[in-house]
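What follows is the content of input-v8.tsv, which has TSV, C-alpha atoms:
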```
chain	number	residue	atom	x	y	z
A	100	MET	CA	0.00	0.00	0.00
A	101	ASN	CA	2.83	2.40	0.82
A	102	LYS	CA	4.33	1.99	-2.65
A	103	ILE	CA	1.53	3.91	-4.37
A	104	LYS	CA	1.74	7.64	-3.75
A	105	ASN	CA	0.23	9.01	-6.96
A	106	ILE	CA	-2.44	7.47	-9.22
A	107	GLY	CA	-3.02	8.63	-12.78
A	108	VAL	CA	-6.52	8.50	-14.29
A	109	LEU	CA	-7.68	8.90	-17.89
A	110	THR	CA	-10.67	8.27	-20.16
A	111	SER	CA	-10.12	6.76	-23.59
A	112	GLY	CA	-12.07	5.74	-26.68
A	113	GLY	CA	-15.74	6.60	-27.10
A	114	ASP	CA	-17.31	8.60	-24.28
A	115	SER	CA	-20.13	7.14	-22.22
A	116	PRO	CA	-22.50	8.59	-19.61
A	117	GLY	CA	-21.06	7.96	-16.16
A	118	MET	CA	-17.40	8.52	-17.01
A	119	ASN	CA	-17.39	11.68	-14.90
A	120	ALA	CA	-18.90	9.79	-11.99
A	121	ALA	CA	-16.09	7.23	-12.34
A	122	ILE	CA	-13.40	9.96	-12.41
A	123	ARG	CA	-14.96	11.50	-9.32
A	124	ALA	CA	-14.91	8.17	-7.47
A	125	VAL	CA	-11.27	7.49	-8.38
A	126	VAL	CA	-10.21	10.95	-7.19
A	127	ARG	CA	-12.17	10.86	-3.95
A	128	ALA	CA	-11.10	7.31	-3.10
A	129	SER	CA	-7.46	8.24	-3.71
A	130	ILE	CA	-7.74	11.26	-1.46
A	131	TYR	CA	-9.42	9.10	1.20
A	132	TYR	CA	-6.40	6.80	1.16
A	133	ASP	CA	-3.99	9.77	1.21
A	134	ILE	CA	-2.88	9.31	-2.41
A	135	GLU	CA	-2.32	12.10	-4.93
A	136	VAL	CA	-4.22	11.99	-8.23
A	137	THR	CA	-3.15	13.14	-11.68
A	138	GLY	CA	-5.64	13.42	-14.53
A	139	PHE	CA	-4.38	12.93	-18.08
A	140	ILE	CA	-6.14	14.83	-20.88
A	141	ARG	CA	-7.42	13.05	-24.02
A	142	GLY	CA	-6.62	9.51	-22.93
A	143	TYR	CA	-3.37	7.89	-24.02
A	144	GLU	CA	-2.56	10.99	-26.04
A	145	GLY	CA	-2.24	12.78	-22.71
A	146	LEU	CA	0.29	10.21	-21.52
A	147	ILE	CA	2.41	10.63	-24.64
A	148	ASN	CA	2.15	14.43	-24.73
A	149	ASN	CA	2.53	14.71	-20.95
A	150	ASP	CA	-0.70	16.71	-20.83
A	151	PHE	CA	-2.02	16.42	-17.28
A	152	ILE	CA	-3.65	18.25	-14.38
A	153	PRO	CA	-3.31	17.61	-10.64
A	154	MET	CA	-6.74	16.67	-9.26
A	155	ASP	CA	-8.37	17.29	-5.89
A	156	ARG	CA	-11.86	17.41	-4.40
A	157	LYS	CA	-12.61	20.67	-6.17
A	158	SER	CA	-11.63	19.15	-9.54
A	159	VAL	CA	-14.52	16.67	-9.35
A	160	ALA	CA	-17.15	18.84	-7.64
A	161	ASN	CA	-20.54	18.92	-9.35
A	162	ILE	CA	-19.66	16.48	-12.15
A	163	ILE	CA	-21.46	13.27	-11.13
A	164	GLN	CA	-24.56	14.31	-13.11
A	165	ARG	CA	-22.70	15.42	-16.25
A	166	GLY	CA	-22.37	13.38	-19.42
A	167	GLY	CA	-19.15	13.17	-21.41
A	168	THR	CA	-15.81	13.37	-19.62
A	169	ILE	CA	-14.06	16.35	-18.06
A	170	LEU	CA	-10.71	14.74	-18.94
A	171	LYS	CA	-11.65	14.59	-22.63
A	172	THR	CA	-11.05	11.45	-24.67
A	173	ALA	CA	-9.40	10.35	-27.88
A	174	ARG	CA	-8.16	7.34	-29.78
A	175	SER	CA	-4.38	7.38	-29.91
A	176	GLU	CA	-2.54	5.98	-32.93
A	177	ALA	CA	0.81	6.82	-31.32
A	178	PHE	CA	0.02	4.59	-28.34
A	179	ARG	CA	-0.28	1.63	-30.70
A	180	THR	CA	3.47	1.87	-31.32
A	181	VAL	CA	6.32	0.65	-29.11
A	182	GLU	CA	7.90	4.10	-29.23
A	183	GLY	CA	4.68	5.82	-28.19
A	184	ARG	CA	4.18	3.53	-25.22
A	185	LYS	CA	7.81	4.00	-24.18
A	186	THR	CA	7.33	7.77	-24.19
A	187	ALA	CA	4.18	7.36	-22.10
A	188	TYR	CA	6.04	5.21	-19.58
A	189	GLN	CA	8.87	7.71	-19.24
A	190	ASN	CA	6.39	10.53	-18.67
A	191	LEU	CA	4.66	8.52	-15.96
A	192	LYS	CA	7.91	7.73	-14.18
A	193	ASN	CA	9.21	11.30	-14.50
A	194	GLY	CA	5.93	12.57	-13.09
A	195	GLY	CA	6.05	10.24	-10.11
A	196	ILE	CA	2.97	8.30	-11.15
A	197	ASP	CA	2.93	4.87	-9.50
A	198	ALA	CA	-0.25	3.35	-10.98
A	199	LEU	CA	-2.92	4.06	-13.56
A	200	VAL	CA	-6.71	3.80	-13.79
A	201	VAL	CA	-8.06	3.76	-17.34
A	202	ILE	CA	-11.75	4.19	-18.13
A	203	GLY	CA	-12.97	2.90	-21.49
A	204	GLY	CA	-13.85	-0.14	-23.58
A	205	ASP	CA	-12.12	-2.96	-25.41
A	206	GLY	CA	-9.75	-0.67	-27.34
A	207	THR	CA	-8.71	1.08	-24.15
A	208	PHE	CA	-8.08	-2.24	-22.41
A	209	THR	CA	-6.18	-3.66	-25.36
A	210	GLY	CA	-3.72	-0.77	-25.09
A	211	ALA	CA	-3.58	-1.04	-21.31
A	212	ASN	CA	-2.93	-4.77	-21.50
A	213	VAL	CA	0.06	-4.35	-23.82
A	214	PHE	CA	1.43	-1.41	-21.83
A	215	ALA	CA	1.15	-3.22	-18.47
A	216	LYS	CA	3.02	-6.24	-19.81
A	217	GLU	CA	5.72	-4.24	-21.60
A	218	HIS	CA	6.58	-2.02	-18.65
A	219	ASP	CA	5.33	-3.99	-15.64
A	220	PHE	CA	3.21	-0.99	-14.68
A	221	PRO	CA	0.16	-1.33	-12.36
A	222	ILE	CA	-3.07	-0.65	-14.28
A	223	ILE	CA	-6.73	-1.23	-13.46
A	224	GLY	CA	-9.50	-0.64	-16.00
A	225	LEU	CA	-13.05	0.59	-15.50
A	226	PRO	CA	-15.58	-0.58	-18.14
A	227	GLY	CA	-16.80	2.70	-19.65
A	228	THR	CA	-18.70	1.92	-22.86
A	229	ILE	CA	-22.34	2.04	-23.93
A	230	ASP	CA	-21.98	-1.25	-25.83
A	231	ASN	CA	-21.87	-3.54	-22.75
A	232	ASP	CA	-19.57	-5.80	-24.77
A	233	LEU	CA	-17.05	-6.75	-22.09
A	234	ALA	CA	-16.86	-9.95	-20.07
A	235	GLY	CA	-16.38	-9.68	-16.34
A	236	THR	CA	-19.25	-7.31	-15.55
A	237	ASP	CA	-23.02	-7.56	-15.84
A	238	PHE	CA	-23.23	-3.98	-17.05
A	239	THR	CA	-20.71	-1.44	-18.32
A	240	ILE	CA	-20.76	2.21	-17.31
A	241	GLY	CA	-23.03	4.06	-19.76
A	242	TYR	CA	-25.05	1.09	-21.02
A	243	ASP	CA	-28.11	1.79	-18.88
A	244	SER	CA	-28.10	5.47	-19.85
A	245	ALA	CA	-27.81	4.60	-23.55
A	246	ILE	CA	-30.71	2.16	-23.59
A	247	ASN	CA	-32.88	4.63	-21.70
A	248	THR	CA	-32.03	7.27	-24.30
A	249	VAL	CA	-33.09	4.83	-27.03
A	250	ILE	CA	-36.33	4.01	-25.25
A	251	ASP	CA	-37.19	7.68	-24.81
A	252	ALA	CA	-36.52	8.36	-28.50
A	253	VAL	CA	-38.41	5.34	-29.81
A	254	ASP	CA	-41.42	6.07	-27.58
A	255	LYS	CA	-41.64	9.43	-29.35
A	256	ILE	CA	-41.20	7.77	-32.74
A	257	ARG	CA	-44.00	5.34	-31.88
A	258	ASP	CA	-46.39	8.28	-31.40
A	259	THR	CA	-45.76	9.39	-34.98
A	260	ALA	CA	-45.82	5.83	-36.29
A	261	GLU	CA	-49.29	5.26	-34.82
A	262	SER	CA	-50.59	8.61	-36.04
A	263	HIS	CA	-49.65	7.77	-39.65
A	264	ASP	CA	-49.85	3.94	-39.66
A	265	ARG	CA	-46.15	3.77	-40.41
A	266	LEU	CA	-43.40	1.21	-40.21
A	267	PHE	CA	-40.29	2.67	-38.57
A	268	ILE	CA	-36.86	1.08	-38.81
A	269	VAL	CA	-34.68	2.46	-36.03
A	270	GLU	CA	-30.91	1.95	-36.06
A	271	VAL	CA	-29.09	1.99	-32.74
A	272	MET	CA	-25.38	1.93	-31.91
A	273	GLY	CA	-23.36	-1.12	-30.99
A	274	ARG	CA	-20.80	-1.87	-33.74
A	275	ASP	CA	-20.50	-5.67	-33.55
A	276	SER	CA	-22.59	-5.90	-30.36
A	277	GLY	CA	-26.37	-5.95	-30.40
A	278	LEU	CA	-26.94	-5.55	-26.67
A	279	ILE	CA	-28.31	-2.00	-26.92
A	280	ALA	CA	-30.75	-3.16	-29.59
A	281	LEU	CA	-31.67	-6.28	-27.64
A	282	ARG	CA	-32.67	-4.68	-24.35
A	283	SER	CA	-34.09	-1.43	-25.74
A	284	GLY	CA	-36.04	-3.39	-28.37
A	285	ILE	CA	-37.73	-5.40	-25.66
A	286	GLY	CA	-38.32	-2.23	-23.65
A	287	VAL	CA	-40.13	-0.43	-26.49
A	288	GLY	CA	-42.13	-3.46	-27.62
A	289	ALA	CA	-40.46	-3.69	-31.03
A	290	GLU	CA	-42.01	-6.03	-33.58
A	291	ALA	CA	-38.55	-7.28	-34.58
A	292	ILE	CA	-34.95	-6.86	-33.44
A	293	LEU	CA	-31.93	-7.44	-35.69
A	294	ILE	CA	-28.66	-8.05	-33.85
A	295	PRO	CA	-25.31	-9.57	-34.93
A	296	GLU	CA	-25.49	-12.29	-32.26
A	297	ALA	CA	-28.79	-13.73	-33.51
A	298	ASN	CA	-29.60	-15.54	-36.70
A	299	MET	CA	-32.51	-13.32	-37.65
A	300	SER	CA	-32.53	-12.12	-41.25
A	301	VAL	CA	-34.57	-9.69	-43.31
A	302	GLU	CA	-36.53	-12.71	-44.52
A	303	ASP	CA	-37.52	-13.40	-40.92
A	304	ILE	CA	-38.77	-9.83	-40.63
A	305	LEU	CA	-40.78	-10.27	-43.82
A	306	HIS	CA	-42.34	-13.39	-42.31
A	307	LYS	CA	-43.20	-11.50	-39.12
A	308	LEU	CA	-44.81	-8.68	-41.07
A	309	GLU	CA	-46.87	-11.10	-43.12
A	310	HIS	CA	-48.19	-12.81	-40.01
A	311	SER	CA	-48.47	-9.80	-37.72
A	312	ARG	CA	-51.73	-8.49	-36.32
A	313	LYS	CA	-53.62	-6.57	-38.97
A	314	ASP	CA	-55.20	-4.25	-36.42
A	315	LYS	CA	-51.86	-2.88	-35.19
A	316	SER	CA	-51.39	0.61	-36.62
A	317	SER	CA	-47.66	0.99	-36.02
A	318	LYS	CA	-44.64	-1.25	-36.31
A	319	ILE	CA	-41.15	-0.68	-34.93
A	320	ILE	CA	-38.08	-2.62	-36.04
A	321	ILE	CA	-34.84	-2.12	-34.08
A	322	VAL	CA	-31.60	-2.75	-35.98
A	323	ALA	CA	-28.12	-2.81	-34.44
A	324	GLU	CA	-25.69	-0.83	-36.60
A	325	GLY	CA	-23.34	-3.79	-36.82
A	326	ASP	CA	-25.94	-6.34	-37.88
A	327	ASP	CA	-25.13	-8.58	-40.85
A	328	ALA	CA	-28.25	-7.31	-42.63
A	329	GLY	CA	-26.41	-4.04	-43.19
A	330	GLY	CA	-28.09	-1.50	-40.95
A	331	ALA	CA	-31.39	0.36	-41.13
A	332	PHE	CA	-31.07	1.69	-44.70
A	333	ALA	CA	-30.26	-1.72	-46.16
A	334	VAL	CA	-33.17	-3.30	-44.31
A	335	GLY	CA	-35.47	-0.45	-45.26
A	336	GLU	CA	-34.62	-0.76	-48.96
A	337	ILE	CA	-35.57	-4.44	-48.98
A	338	LEU	CA	-38.80	-3.89	-47.04
A	339	GLN	CA	-39.89	-0.98	-49.23
A	340	GLU	CA	-39.35	-3.07	-52.33
A	341	LYS	CA	-41.23	-6.07	-50.93
A	342	TYR	CA	-44.00	-4.14	-49.17
A	343	PRO	CA	-44.63	-0.87	-51.01
A	344	GLN	CA	-47.97	-0.59	-49.19
A	345	TYR	CA	-46.14	0.24	-45.96
A	346	ASP	CA	-45.28	3.85	-45.28
A	347	THR	CA	-41.72	3.04	-44.23
A	348	LYS	CA	-39.48	5.50	-42.43
A	349	ILE	CA	-35.89	5.16	-41.23
A	350	SER	CA	-34.40	6.78	-38.15
A	351	VAL	CA	-30.73	6.54	-37.16
A	352	LEU	CA	-30.37	7.62	-33.53
A	353	GLY	CA	-26.60	8.01	-33.72
A	354	HIS	CA	-24.52	9.77	-31.11
A	355	ILE	CA	-27.40	10.99	-28.95
A	356	GLN	CA	-27.03	7.55	-27.32
A	357	ARG	CA	-23.58	8.46	-26.00
A	358	GLY	CA	-24.52	11.83	-24.52
A	359	GLY	CA	-26.79	13.13	-21.81
A	360	LYS	CA	-26.96	12.79	-18.06
A	361	PRO	CA	-26.15	9.32	-16.71
A	362	THR	CA	-28.96	7.39	-15.05
A	363	CYS	CA	-28.88	6.67	-11.32
A	364	MET	CA	-27.79	3.11	-12.09
A	365	ASP	CA	-24.76	4.31	-14.06
A	366	ARG	CA	-23.83	6.88	-11.43
A	367	VAL	CA	-23.90	4.28	-8.67
A	368	LEU	CA	-22.10	1.65	-10.76
A	369	ALA	CA	-19.37	4.11	-11.76
A	370	SER	CA	-18.96	5.25	-8.16
A	371	ARG	CA	-18.63	1.74	-6.81
A	372	LEU	CA	-16.23	0.60	-9.51
A	373	GLY	CA	-14.10	3.75	-9.20
A	374	VAL	CA	-13.54	3.20	-5.49
A	375	SER	CA	-12.91	-0.52	-6.08
A	376	ALA	CA	-10.28	0.29	-8.72
A	377	VAL	CA	-8.24	2.33	-6.24
A	378	GLU	CA	-8.63	-0.29	-3.53
A	379	GLY	CA	-7.68	-3.00	-6.02
A	380	LEU	CA	-4.43	-1.23	-6.87
A	381	LEU	CA	-3.63	-0.88	-3.17
A	382	ASN	CA	-4.25	-4.61	-2.74
A	383	GLY	CA	-1.92	-5.58	-5.58
A	384	GLU	CA	-4.38	-6.07	-8.44
A	385	ASN	CA	-2.86	-5.32	-11.84
A	386	GLY	CA	-3.66	-5.77	-15.53
A	387	LYS	CA	-7.35	-6.30	-14.77
A	388	MET	CA	-10.75	-4.74	-15.30
A	389	VAL	CA	-12.93	-4.17	-12.26
A	390	GLY	CA	-16.57	-5.13	-12.76
A	391	GLN	CA	-19.72	-6.11	-10.96
A	392	ILE	CA	-21.30	-9.55	-11.32
A	393	ASN	CA	-24.37	-10.50	-9.30
A	394	ARG	CA	-23.78	-7.35	-7.22
A	395	GLU	CA	-20.29	-8.47	-6.25
A	396	ILE	CA	-17.03	-6.75	-7.24
A	397	VAL	CA	-14.77	-8.91	-9.42
A	398	PHE	CA	-11.43	-8.36	-11.16
A	399	THR	CA	-11.08	-9.86	-14.64
A	400	PRO	CA	-7.76	-9.98	-16.57
A	401	PHE	CA	-7.78	-7.69	-19.60
A	402	ASP	CA	-7.16	-10.69	-21.87
A	403	HIS	CA	-10.50	-12.18	-20.90
A	404	ALA	CA	-12.52	-8.98	-20.61
A	405	ILE	CA	-11.75	-7.83	-24.15
A	406	LYS	CA	-14.28	-8.99	-26.73
A	407	HIS	CA	-15.50	-12.00	-24.81
A	408	ILE	CA	-19.18	-11.23	-24.37
A	409	ASP	CA	-20.72	-13.46	-21.71
A	410	ALA	CA	-23.13	-15.96	-23.25
A	411	GLU	CA	-25.83	-14.96	-20.76
A	412	LYS	CA	-25.95	-11.47	-22.22
A	413	VAL	CA	-27.38	-12.79	-25.50
A	414	SER	CA	-28.80	-16.17	-24.57
A	415	SER	CA	-31.50	-18.23	-26.26
A	416	THR	CA	-33.81	-17.18	-23.42
A	417	TRP	CA	-33.57	-13.53	-24.49
A	418	LEU	CA	-34.14	-14.43	-28.13
A	419	LYS	CA	-37.19	-16.51	-27.24
A	420	LEU	CA	-38.51	-13.63	-25.16
A	421	ILE	CA	-38.30	-11.36	-28.21
A	422	ASP	CA	-40.18	-13.91	-30.30
A	423	ILE	CA	-42.95	-14.34	-27.70
A	424	LEU	CA	-43.50	-10.65	-27.05
A	425	SER	CA	-43.62	-9.69	-30.73
A	426	PHE	CA	-46.24	-12.35	-31.53
```

Using structure tokens, write down the structure that the file contains.
Amino acid sequence: MNKIKNIGVLTSGGDSPGMNAAIRAVVRASIYYDIEVTGFIRGYEGLINNDFIPMDRKSVANIIQRGGTILKTARSEAFRTVEGRKTAYQNLKNGGIDALVVIGGDGTFTGANVFAKEHDFPIIGLPGTIDNDLAGTDFTIGYDSAINTVIDAVDKIRDTAESHDRLFIVEVMGRDSGLIALRSGIGVGAEAILIPEANMSVEDILHKLEHSRKDKSSKIIIVAEGDDAGGAFAVGEILQEKYPQYDTKISVLGHIQRGGKPTCMDRVLASRLGVSAVEGLLNGENGKMVGQINREIVFTPFDHAIKHIDAEKVSSTWLKLIDILSF
């Protein structure tokens, strides 16, 4: 415990609601344990450019409710190189930084994993991504806020869809993960959900439309942006050609899913994981992501956390639920 006198913290990759709450928790936990905190600006770019600010209680006052990240974020090409990581390490050592907390997703943890092994430097990761595509935690920081943003938007779209008897195809974020589409689709009562993890095709949607209730005035189809069908516009083109009688509209929600105030769930999750990250470093944890599974704190090696979505997150039970509720 006495070896760590100064902890660095940064946010990297895509922003997610709750990152500020996580920064706040890391800073306040460090101060509680009489450790100095240094915030690096724009993720790994800040390490390489030695762009940092000392942080204290005042630095994180009144930020728990704010979206985005006060430390800014970026994707660093330089950090992908051996030379870039060496520069980052030298800056950390010269600045008296003894350990690092990184907040981000799989790209952030991939870089952290390589860096920790190359330089034997203590690093703990916090899962900050709206995609929920990391193993070792039931939910990532920002996921709950993102799906609630989707639900709020699609509820409004449904009003218009019912008023005009329209079919709306709504594309949500997720790259190669369909977890935002899965849970938000169930939450809005979508007639169909297209996600990369399931075997559902446009033909399946056509079948659903042919056998759907004739008295239902609106229809909502949720499509994950990374789905094999090609996204909302590709799906919409096929449906318009096959069913010209439908007044089909396409809505791409885009980056509104990454912004906005974090939900209470994300604020609490970020706060708990931020404190646990500091305590984990003090207890000798290294090269791991801190997460929450069944309400318990767990530490998962970066190698396993990166792009290893737990099977339970997209199980056959969830897919059957979609099928039953859209009947």

Which residue of A:Ile103, A:Val271, A:Met154, A:Ile163 approaches Leu352 of chain A most closely, using all atoms listed in the file
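Among the listed residues, the smallest separation from Leu352 of chain A belongs to A:Val271.
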
How many Å separate atom CA of Leu372 of chain A from atom CA of Tyr188 of chain A?
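So the answer is 24.9 Å.
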
One-decimal distance in Å that lies between atom CA of Gly284 of chain A and atom CA of Leu424 of chain A:
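Atom CA of Leu424 of chain A sits 10.5 Å away from atom CA of Gly284 of chain A.
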
Of A:Asp232, A:Asp205, A:Asp150, A:Glu290, the one nearest to Ser111 of chain A when counting only C-alpha atoms is A:Asp205

Would you compute the distance between atom CA of Ala252 of chain A and atom CA of Gly227 of chain A? Give it in Å to one decimal.
22.3 Å

Which residues, written as a list in words, have at least one atom at most 9 Å from Gly117 of chain A, with all atoms listed in the file counted and residues fewer than 5 positions away on the same chain left out?
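Contacts, with the query itself left out: Ile122, Ile163, Gln164, Arg165, Gly166, Gly167, Thr168, Gly227, Ile240, Gly241, Ser244, Lys360, Pro361, Thr362, Asp365, Arg366, Val367, Leu368, Ala369 and Ser370 of chain A.
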
Hey, what's within 8 Å of Ala173 of chain A if we count all atoms listed in the file and toss same-chain stuff fewer than 3 positions away? As a list in words, please?
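Skipping anything fewer than 3 positions along the chain leaves Ser111, Gly112, Gly113, Arg141, Gly142, Tyr143 and Glu144 of chain A.
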
Go through A:His218, A:Lys341, A:Arg357, A:Lys192 and flag the residue nearest Gly273 of chain A, using all atoms listed in the file for the distances.
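Nearest candidate to Gly273 of chain A out of A:His218, A:Lys341, A:Arg357, A:Lys192: A:Arg357.
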
Proximity to Val351 of chain A - best of A:Ile304, A:Ser283, A:Met272, A:Tyr132, only C-alpha atoms
A:Met272

Identify which of the residues A:Ala160, A:Leu278, A:Ile169, A:Ala297 lies closest to Asp237 of chain A, counting only C-alpha atoms when measuring atom-to-atom distances.
A:Leu278

Top pick for closest residue to Asp114 of chain A, considering A:Gly358, A:Pro400, A:Pro295, A:Gly210 and counting all atoms listed in the file
A:Gly358

Would you compute an axis-aligned box for segment 318-322 of chain A, covering every atom listed for it in the file with 5 Å of margin on each side, and report centre and edge lengths in Å to one decimal as AutoDock Vina command-line options?
```
--center_x -38.1 --center_y -1.7 --center_z -35.2 --size_x 23.0 --size_y 12.1 --size_z 12.2
```

Name the residues within 12 Å of (-35.7, -10.9, -47.3), counting all atoms listed in the file in the file's coordinates, and put them as a ChimeraX atom specification.
/A:299-309,328,333-342

I want to know what sits within 12 Å of Ala376 of chain A, based on all atoms listed in the file, with residues of the same chain fewer than 2 positions away left out; could you give that as number ranges by chain?
A: 106-108, 121-122, 124-129, 198-202, 221-226, 369-374, 378-391, 396-399

Hey, could you patch up segment 183-191 of chain A with all heavy atoms and hand it over as a PDB file, in the coordinates of the input?
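What ended up in part26.pdb:
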```pdb
ATOM      1  N   GLY A 183       5.680   5.000 -28.876  1.00  0.00           N
ATOM      2  CA  GLY A 183       4.680   5.820 -28.190  1.00  0.00           C
ATOM      3  C   GLY A 183       4.457   5.365 -26.758  1.00  0.00           C
ATOM      4  O   GLY A 183       4.382   6.188 -25.830  1.00  0.00           O
ATOM      5  N   ARG A 184       4.378   4.053 -26.572  1.00  0.00           N
ATOM      6  CA  ARG A 184       4.180   3.530 -25.220  1.00  0.00           C
ATOM      7  C   ARG A 184       5.404   3.767 -24.332  1.00  0.00           C
ATOM      8  O   ARG A 184       5.275   4.005 -23.126  1.00  0.00           O
ATOM      9  CB  ARG A 184       3.823   2.042 -25.277  1.00  0.00           C
ATOM     10  CG  ARG A 184       2.465   1.767 -25.918  1.00  0.00           C
ATOM     11  CD  ARG A 184       2.055   0.319 -25.753  1.00  0.00           C
ATOM     12  NE  ARG A 184       2.937  -0.605 -26.462  1.00  0.00           N
ATOM     13  CZ  ARG A 184       2.779  -0.985 -27.721  1.00  0.00           C
ATOM     14  NH1 ARG A 184       1.774  -0.490 -28.438  1.00  0.00           N
ATOM     15  NH2 ARG A 184       3.601  -1.855 -28.294  1.00  0.00           N
ATOM     16  N   LYS A 185       6.588   3.728 -24.938  1.00  0.00           N
ATOM     17  CA  LYS A 185       7.810   4.000 -24.180  1.00  0.00           C
ATOM     18  C   LYS A 185       7.831   5.446 -23.699  1.00  0.00           C
ATOM     19  O   LYS A 185       8.208   5.735 -22.552  1.00  0.00           O
ATOM     20  CB  LYS A 185       9.040   3.706 -25.040  1.00  0.00           C
ATOM     21  CG  LYS A 185      10.356   3.851 -24.293  1.00  0.00           C
ATOM     22  CD  LYS A 185      11.534   3.463 -25.169  1.00  0.00           C
ATOM     23  CE  LYS A 185      12.859   3.610 -24.412  1.00  0.00           C
ATOM     24  NZ  LYS A 185      14.027   3.229 -25.263  1.00  0.00           N
ATOM     25  N   THR A 186       7.410   6.357 -24.572  1.00  0.00           N
ATOM     26  CA  THR A 186       7.330   7.770 -24.190  1.00  0.00           C
ATOM     27  C   THR A 186       6.341   7.959 -23.049  1.00  0.00           C
ATOM     28  O   THR A 186       6.604   8.694 -22.084  1.00  0.00           O
ATOM     29  CB  THR A 186       6.903   8.631 -25.390  1.00  0.00           C
ATOM     30  OG1 THR A 186       7.882   8.515 -26.427  1.00  0.00           O
ATOM     31  CG2 THR A 186       6.752  10.097 -24.992  1.00  0.00           C
ATOM     32  N   ALA A 187       5.198   7.282 -23.153  1.00  0.00           N
ATOM     33  CA  ALA A 187       4.180   7.360 -22.100  1.00  0.00           C
ATOM     34  C   ALA A 187       4.731   6.870 -20.768  1.00  0.00           C
ATOM     35  O   ALA A 187       4.516   7.494 -19.718  1.00  0.00           O
ATOM     36  CB  ALA A 187       2.949   6.552 -22.501  1.00  0.00           C
ATOM     37  N   TYR A 188       5.465   5.767 -20.812  1.00  0.00           N
ATOM     38  CA  TYR A 188       6.040   5.210 -19.580  1.00  0.00           C
ATOM     39  C   TYR A 188       7.035   6.173 -18.951  1.00  0.00           C
ATOM     40  O   TYR A 188       7.016   6.388 -17.731  1.00  0.00           O
ATOM     41  CB  TYR A 188       6.713   3.876 -19.896  1.00  0.00           C
ATOM     42  CG  TYR A 188       7.433   3.264 -18.716  1.00  0.00           C
ATOM     43  CD1 TYR A 188       6.710   2.685 -17.668  1.00  0.00           C
ATOM     44  CD2 TYR A 188       8.829   3.280 -18.642  1.00  0.00           C
ATOM     45  CE1 TYR A 188       7.366   2.132 -16.577  1.00  0.00           C
ATOM     46  CE2 TYR A 188       9.489   2.728 -17.554  1.00  0.00           C
ATOM     47  CZ  TYR A 188       8.758   2.152 -16.523  1.00  0.00           C
ATOM     48  OH  TYR A 188       9.404   1.616 -15.448  1.00  0.00           O
ATOM     49  N   GLN A 189       7.882   6.764 -19.763  1.00  0.00           N
ATOM     50  CA  GLN A 189       8.870   7.710 -19.240  1.00  0.00           C
ATOM     51  C   GLN A 189       8.195   8.924 -18.607  1.00  0.00           C
ATOM     52  O   GLN A 189       8.618   9.408 -17.560  1.00  0.00           O
ATOM     53  CB  GLN A 189       9.817   8.154 -20.362  1.00  0.00           C
ATOM     54  CG  GLN A 189      10.792   7.089 -20.808  1.00  0.00           C
ATOM     55  CD  GLN A 189      11.699   6.613 -19.672  1.00  0.00           C
ATOM     56  OE1 GLN A 189      12.085   7.377 -18.794  1.00  0.00           O
ATOM     57  NE2 GLN A 189      12.024   5.322 -19.688  1.00  0.00           N
ATOM     58  N   ASN A 190       7.114   9.387 -19.231  1.00  0.00           N
ATOM     59  CA  ASN A 190       6.390  10.530 -18.670  1.00  0.00           C
ATOM     60  C   ASN A 190       5.765  10.173 -17.322  1.00  0.00           C
ATOM     61  O   ASN A 190       5.749  10.999 -16.398  1.00  0.00           O
ATOM     62  CB  ASN A 190       5.308  11.001 -19.643  1.00  0.00           C
ATOM     63  CG  ASN A 190       5.885  11.730 -20.842  1.00  0.00           C
ATOM     64  OD1 ASN A 190       6.993  12.263 -20.780  1.00  0.00           O
ATOM     65  ND2 ASN A 190       5.147  11.748 -21.943  1.00  0.00           N
ATOM     66  N   LEU A 191       5.239   8.959 -17.226  1.00  0.00           N
ATOM     67  CA  LEU A 191       4.660   8.520 -15.960  1.00  0.00           C
ATOM     68  C   LEU A 191       5.712   8.445 -14.859  1.00  0.00           C
ATOM     69  O   LEU A 191       5.501   8.918 -13.738  1.00  0.00           O
ATOM     70  CB  LEU A 191       3.981   7.156 -16.132  1.00  0.00           C
ATOM     71  CG  LEU A 191       2.657   7.129 -16.909  1.00  0.00           C
ATOM     72  CD1 LEU A 191       2.238   5.699 -17.212  1.00  0.00           C
ATOM     73  CD2 LEU A 191       1.564   7.842 -16.119  1.00  0.00           C
TER      74      LEU A 191
END
```
